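First comes the structure, then the notes that go with it.
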Amino acid sequence: MSAGPGSPLVPGGAPPAGGFVRRVGLFQATAINMSQMCGIGPFVTIPLMVAAFGGPQAVIGFVAGAVLALCDGLVWAELGAAMPGSGGSYVYLRQAFQYRTGRLMPFLFVWTAMLFIPLIMSTGVVGFVQYLGYLAPGLGQTSGDLIGLGVIVLVVLLLWRGIEHIARITAVMWTVMIASVLLVIVAAASDFSPHLAFTYPAHAFDLTSDHFWLGFAAGLTIGIYDYLGYNTTAYMGAEIKEPGRVLPRSILFSILGIMAIYLLLQIGTLGVVDWHRMTNPDDIASTSVASAVLEKTWGKGAADTVTVLILITAFASVFTGLLGGSRVPYDAARDRVFFRPYEKLHPKHRFPMLGLATMGVITAIGFLIGRHTDLATLIQLLTTVMVIVQALAQIVALTVLRRRQPTLKRPYRMWLYPLPSIVAFVGWCVIYGYADRNSPGRHPIEWSLAWLALGCVAFLVWARLEKVWPFGAREISEEYLTPQEPSVV
């Protein structure tokens with residue numbers, strides 16, 4: 001993702017009369033996905049990918065991430081085409097698991113989203129400070145921390161206003177983001193060395209080596225992090241024209257398009273900057289590789305200019321991410337699946353105050369964690385948090401719904417079912433299972449399980465207050481299957 005999903009992760013069901021208008025076509029839907037996928041991510045993760053693999057064979061990581069994204073994307077495609085409402089995972093988990101656990105799964109999705117969304121945003125702030133270090137080589141740890149925290153405060157202040165002002169700001173920042181990516185690709189192509197890009201160290205592809213597979217697991221984690229955002233249109237299902245056709249295609253086309261862009265960035269960068277520089281913590285290429293590419297190809301002035309554009313890109317990724325993310329607890333609370341204080345809007349500008357403030361604070365904490373450990377650890381933490389409730393549970397939800405609601409209209413059915421589901425499930429398990437091995441002493445798995453356990457406790461408190469299952473009857477609502485009113489069992 002590129003550290004900036006900006007995804008409108010808003011819970012909800014089938015669009016009510018007079019609600020959303022289906023006006024987003026295939027081209028616009030694909031562009032929306034791609035704009036959310038491509039942000040600061042590749043600019044900060046290319047050195048991490050090279051370090052994980054120990055050479056230019058790091059391209060494998062981006063390809064593996066694309067394969068996982070494609071297989072997982074087919075899960076999103078079937079569910080989104082069948083239930084094209086506003087909410088994405090929230091809707092699918094609610095529909096699949098309501099029969100046994102009431103509102104537990106959608107509640108846990110919101111609970112985990114309130115952690116992994118701001119953690120993704122915090123990687124964007126870490127990237128901002130890293131690239132700022134190219135323009136200000138003497139930037140110290142404390143100064144960098146204060147600047148990063150200041151960026152987060154500024155983002156929250158800019159979002160503390162009406163949406164009509166935000167739309168104009170977002171359009172400008174998106175244009176800058178696209179320009180920065182294209183300039184780096186063109187610059188790399190102008191001075192490309194095949195020898196640098198395709199000379200691999202000994203045993204680079206030794207499949208019997210533990211080092212290769214540990215690097216692969218780390219690279220897969222980094223790769224899928226860079227592709228996050230391919231599901232954005234699934235959260236906008238109520239606004240997609242012909243969702244049964246457009247939504248699946250927008251997911252597949254955006255993944256293939258971003259894969260091409262990432263491969264051009266990765267290979268182009270390796271063809272300009274010696275990969276050994278990217279693994280040297282004292283070299284600017286390890287933290288600001290795009291700036292190093294521009295400096296070598298077009299000179300220091302061009303490098304400074306593009307670095308400024310990348311700083312704007314990093315800022316934009318955090319801005320759009322918190323914009324969408326802050327709406328998650330608001331809509332869940334309004335839909336009676338989360339704590340009611342989160343449904344309160346600003347009296348004048350009508351934005352969710354508590355959701356924005358909460359995610360701003362968590363973003364700041366995540367930023368400090370990333371600054372005082374490393375970016376790879378922060379990525380490990382956010383991916384482990386989202387794996388269980390969103391990724392794995394959603395794959396299971398697809399199979400559950402095929403059994404529970406066999407008559408549900410499915411305009412798109414997963415190709416080669418259940419093979420893509422199995423590949424996606426295994427891929428996410430690899431990411432989760434290797435998290436601790438790739439982050440010795442940091443225990444991201446334990447932290448993710450602790451957050452999930454705390455979420456279960458929070459659910460029990462909330463369910464007791466709301467008098468819903470397990471302290472009340474389960475409400476079964478199959479609005480995508482039949483037009484009848486919700487039943488109570």
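If you're wondering about the labels, chains in the structure tokens are A, B, ... by order shown, residues count from 1 in each chain, ligands from 1 in order shown.
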Give one line per residue of region 338-431 of chain A that approaches region 78-90 of chain A to at most 8 Å, naming the two atoms of the closest pair and their distance in Å to one decimal, counting only C-alpha atoms; sort by chain then ascending residue number and deliver it as a tab-separated table.
```
residue	atom	partner	partner_atom	distance
A:Gln390	CA	A:Ser89	CA	6.7
A:Gln394	CA	A:Ser89	CA	6.9
A:Leu398	CA	A:Leu79	CA	6.7
A:Leu408	CA	A:Ala82	CA	7.2
A:Lys409	CA	A:Ala82	CA	6.0
A:Arg410	CA	A:Ala82	CA	4.8
A:Pro411	CA	A:Ala81	CA	6.1
A:Tyr412	CA	A:Glu78	CA	5.4
A:Arg413	CA	A:Glu78	CA	5.4
A:Met414	CA	A:Glu78	CA	5.9
```
Atoms kept (N, CA, C and O atoms) for selection, written as a PDB file, in the first residue's frame:
```
ATOM      1  N   GLN A 390      -8.859 -10.006   9.211  1.00  0.00           N
ATOM      2  CA  GLN A 390      -9.246  -9.597   7.868  1.00  0.00           C
ATOM      3  C   GLN A 390      -8.874 -10.653   6.838  1.00  0.00           C
ATOM      4  O   GLN A 390      -9.734 -11.210   6.163  1.00  0.00           O
ATOM      5  N   GLN A 394     -11.534 -13.722   6.223  1.00  0.00           N
ATOM      6  CA  GLN A 394     -12.297 -13.406   5.013  1.00  0.00           C
ATOM      7  C   GLN A 394     -12.231 -14.545   4.002  1.00  0.00           C
ATOM      8  O   GLN A 394     -13.198 -14.811   3.293  1.00  0.00           O
ATOM      9  N   LEU A 398     -15.603 -16.751   2.595  1.00  0.00           N
ATOM     10  CA  LEU A 398     -16.034 -17.083   1.243  1.00  0.00           C
ATOM     11  C   LEU A 398     -16.606 -18.501   1.197  1.00  0.00           C
ATOM     12  O   LEU A 398     -17.673 -18.747   0.624  1.00  0.00           O
ATOM     13  N   LEU A 408     -27.216 -17.343  -3.006  1.00  0.00           N
ATOM     14  CA  LEU A 408     -26.767 -15.956  -3.166  1.00  0.00           C
ATOM     15  C   LEU A 408     -26.294 -15.730  -4.603  1.00  0.00           C
ATOM     16  O   LEU A 408     -25.504 -16.518  -5.139  1.00  0.00           O
ATOM     17  N   LYS A 409     -26.777 -14.667  -5.224  1.00  0.00           N
ATOM     18  CA  LYS A 409     -26.374 -14.383  -6.596  1.00  0.00           C
ATOM     19  C   LYS A 409     -24.907 -14.000  -6.629  1.00  0.00           C
ATOM     20  O   LYS A 409     -24.471 -13.072  -5.947  1.00  0.00           O
ATOM     21  N   ARG A 410     -24.124 -14.742  -7.423  1.00  0.00           N
ATOM     22  CA  ARG A 410     -22.683 -14.509  -7.530  1.00  0.00           C
ATOM     23  C   ARG A 410     -22.331 -14.206  -8.984  1.00  0.00           C
ATOM     24  O   ARG A 410     -22.051 -15.121  -9.765  1.00  0.00           O
ATOM     25  N   PRO A 411     -22.339 -12.921  -9.376  1.00  0.00           N
ATOM     26  CA  PRO A 411     -22.017 -12.566 -10.758  1.00  0.00           C
ATOM     27  C   PRO A 411     -20.604 -13.008 -11.158  1.00  0.00           C
ATOM     28  O   PRO A 411     -20.345 -13.263 -12.337  1.00  0.00           O
ATOM     29  N   TYR A 412     -19.714 -13.055 -10.177  1.00  0.00           N
ATOM     30  CA  TYR A 412     -18.365 -13.553 -10.437  1.00  0.00           C
ATOM     31  C   TYR A 412     -18.071 -14.663  -9.440  1.00  0.00           C
ATOM     32  O   TYR A 412     -18.299 -14.498  -8.238  1.00  0.00           O
ATOM     33  N   ARG A 413     -17.585 -15.785  -9.927  1.00  0.00           N
ATOM     34  CA  ARG A 413     -17.173 -16.880  -9.064  1.00  0.00           C
ATOM     35  C   ARG A 413     -15.675 -17.097  -9.248  1.00  0.00           C
ATOM     36  O   ARG A 413     -15.172 -17.078 -10.368  1.00  0.00           O
ATOM     37  N   MET A 414     -14.993 -17.304  -8.159  1.00  0.00           N
ATOM     38  CA  MET A 414     -13.530 -17.447  -8.185  1.00  0.00           C
ATOM     39  C   MET A 414     -13.090 -18.499  -9.191  1.00  0.00           C
ATOM     40  O   MET A 414     -13.580 -19.631  -9.206  1.00  0.00           O
TER      41      MET A 414
END
```
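Using only C-alpha atoms, the contacts of region 262-279 of chain A at a cut-off of 7 Å, with sequence neighbours closer than 3 positions omitted, comprise A:Ile46, A:Pro47, A:Val50, A:Ala51, A:Gly55, A:Pro56, A:Val59, A:Ile185, A:Ala188, A:Ala189, A:Asp191, A:Phe192, A:Ser193, A:Pro194, A:Leu196, A:Ala197, A:Ile258, A:Met259, A:Asp283, A:Ala285, A:Ser286, A:Val293.
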So that I have them on file, write out the residues from the current selection with C-alpha atoms, as a compact mmCIF listing (two decimals), in the first residue's frame.
```txt
# COMPACT_ATOMS: atom_id res chain seq x y z
CA ILE A 46 13.19 -1.35 -2.02
CA PRO A 47 16.25 -1.32 0.29
CA VAL A 50 17.20 -6.08 -1.12
CA ALA A 51 18.43 -6.57 2.45
CA GLY A 55 21.00 -9.14 -3.62
CA PRO A 56 19.19 -8.10 -6.82
CA VAL A 59 12.65 -8.77 -7.41
CA ILE A 185 11.36 5.34 -13.37
CA ALA A 188 16.58 5.04 -13.81
CA ALA A 189 15.95 4.13 -17.45
CA ASP A 191 21.34 5.43 -16.98
CA PHE A 192 20.45 1.76 -16.62
CA SER A 193 23.20 -0.85 -16.20
CA PRO A 194 22.13 -4.48 -16.84
CA LEU A 196 24.28 -4.00 -11.84
CA ALA A 197 20.68 -5.15 -12.08
CA ILE A 258 0.97 -1.77 -10.06
CA MET A 259 3.10 -4.90 -10.45
CA ASP A 283 24.78 5.07 2.94
CA ALA A 285 20.80 4.74 -0.55
CA SER A 286 19.61 2.60 2.39
CA VAL A 293 19.01 7.29 -8.19
```
Selection near Ala96 (chain A), 7 Å with only C-alpha atoms, sequence-local residues under 5 positions removed, as an MDAnalysis selection string: chainID A and resid 397 400:401
Keeping only N, CA and C atoms, write those residues as a CSV table (one decimal), in the first residue's frame.
```
chain,number,residue,atom,x,y,z
A,397,ALA,N,-14.6,-16.9,5.2
A,397,ALA,CA,-16.0,-16.4,5.0
A,397,ALA,C,-16.5,-16.8,3.6
A,400,VAL,N,-17.7,-20.3,3.8
A,400,VAL,CA,-18.8,-20.4,4.7
A,400,VAL,C,-20.1,-19.9,4.0
A,401,LEU,N,-19.9,-18.8,3.2
A,401,LEU,CA,-21.1,-18.2,2.5
A,401,LEU,C,-21.5,-19.1,1.4
```
Non-local contacts of Trp76 (chain A) (8 Å; only C-alpha atoms; under 3 positions in same chain excluded) as a PyMOL selection string: chain A and resi 72-73+79-80+231+234+248
Selection: 8 Å around Pro341 (chain A), only C-alpha atoms, excl. self and same-chain fewer than 3 positions, as a PyMOL selection string: chain A and resi 333+344+354
Quick one: write out the picked residues with N, CA and C atoms as a short mmCIF file (atom, residue, chain, number, x, y, z; two decimals), in the first residue's frame?
```cif
data_model
loop_
_atom_site.label_atom_id
_atom_site.label_comp_id
_atom_site.auth_asym_id
_atom_site.auth_seq_id
_atom_site.Cartn_x
_atom_site.Cartn_y
_atom_site.Cartn_z
N ALA A 333 -20.06 2.30 14.68
CA ALA A 333 -20.86 2.72 15.84
C ALA A 333 -22.27 3.11 15.40
N LYS A 344 -20.24 10.12 17.09
CA LYS A 344 -20.44 11.56 17.22
C LYS A 344 -19.64 12.31 16.17
N LEU A 354 -13.79 11.58 17.28
CA LEU A 354 -13.11 10.60 18.13
C LEU A 354 -12.31 9.60 17.30
#
```
Pick from A:Gly133, A:Gly366, A:Gly257, A:Pro106 nearest to Ile379 (chain A), counting only C-alpha atoms: A:Gly366
Top pick for closest residue to Val44 (chain A), considering A:Gly127, A:Gly355, A:Gly360, A:Gly61 and counting only C-alpha atoms: A:Gly127
Alpha helix (DSSP H) call set, DSSP backbone run, region 158-223 of chain A, as a PyMOL selection string: chain A and resi 158-159+163-190+194-198+210-223
d(CA of Met386 (chain A), CA of Ile369 (chain A)) in Å: 17.7 Å
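Here CA of Glu475 (chain A) is placed at a distance of 22.9 Å from CA of Ile395 (chain A).
For the pair CA of Leu70 (chain A) and CA of Ala424 (chain A), the interatomic distance is 8.5 Å.
Comparing the minimum interatomic distances between Gly41 (chain A) and each of A:Met236, A:Ala376, A:Val75, A:Ala314, counting only C-alpha atoms, we find that A:Ala314 sits nearest.
In this comparison, which uses only C-alpha atoms, the residue of A:Pro420, A:Pro347, A:Pro470, A:Pro444 approaching Val387 (chain A) most closely is A:Pro444.
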Selection: 9 Å around region 27-32 of chain A, only C-alpha atoms, excl. self and same-chain fewer than 2 positions, as a PyMOL selection string: chain A and resi 24-25+34-37+230+232-233+240+246-247+249-254
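In this comparison, which uses only C-alpha atoms, the residue of A:Val153, A:Val110, A:Leu323, A:Leu68 approaching Phe339 (chain A) most closely is A:Val110.
Restricting the calculation to only C-alpha atoms, the smallest distance between Val337 (chain A) and any of A:Arg94, A:His443, A:Arg404, A:His372 is found for A:Arg94.
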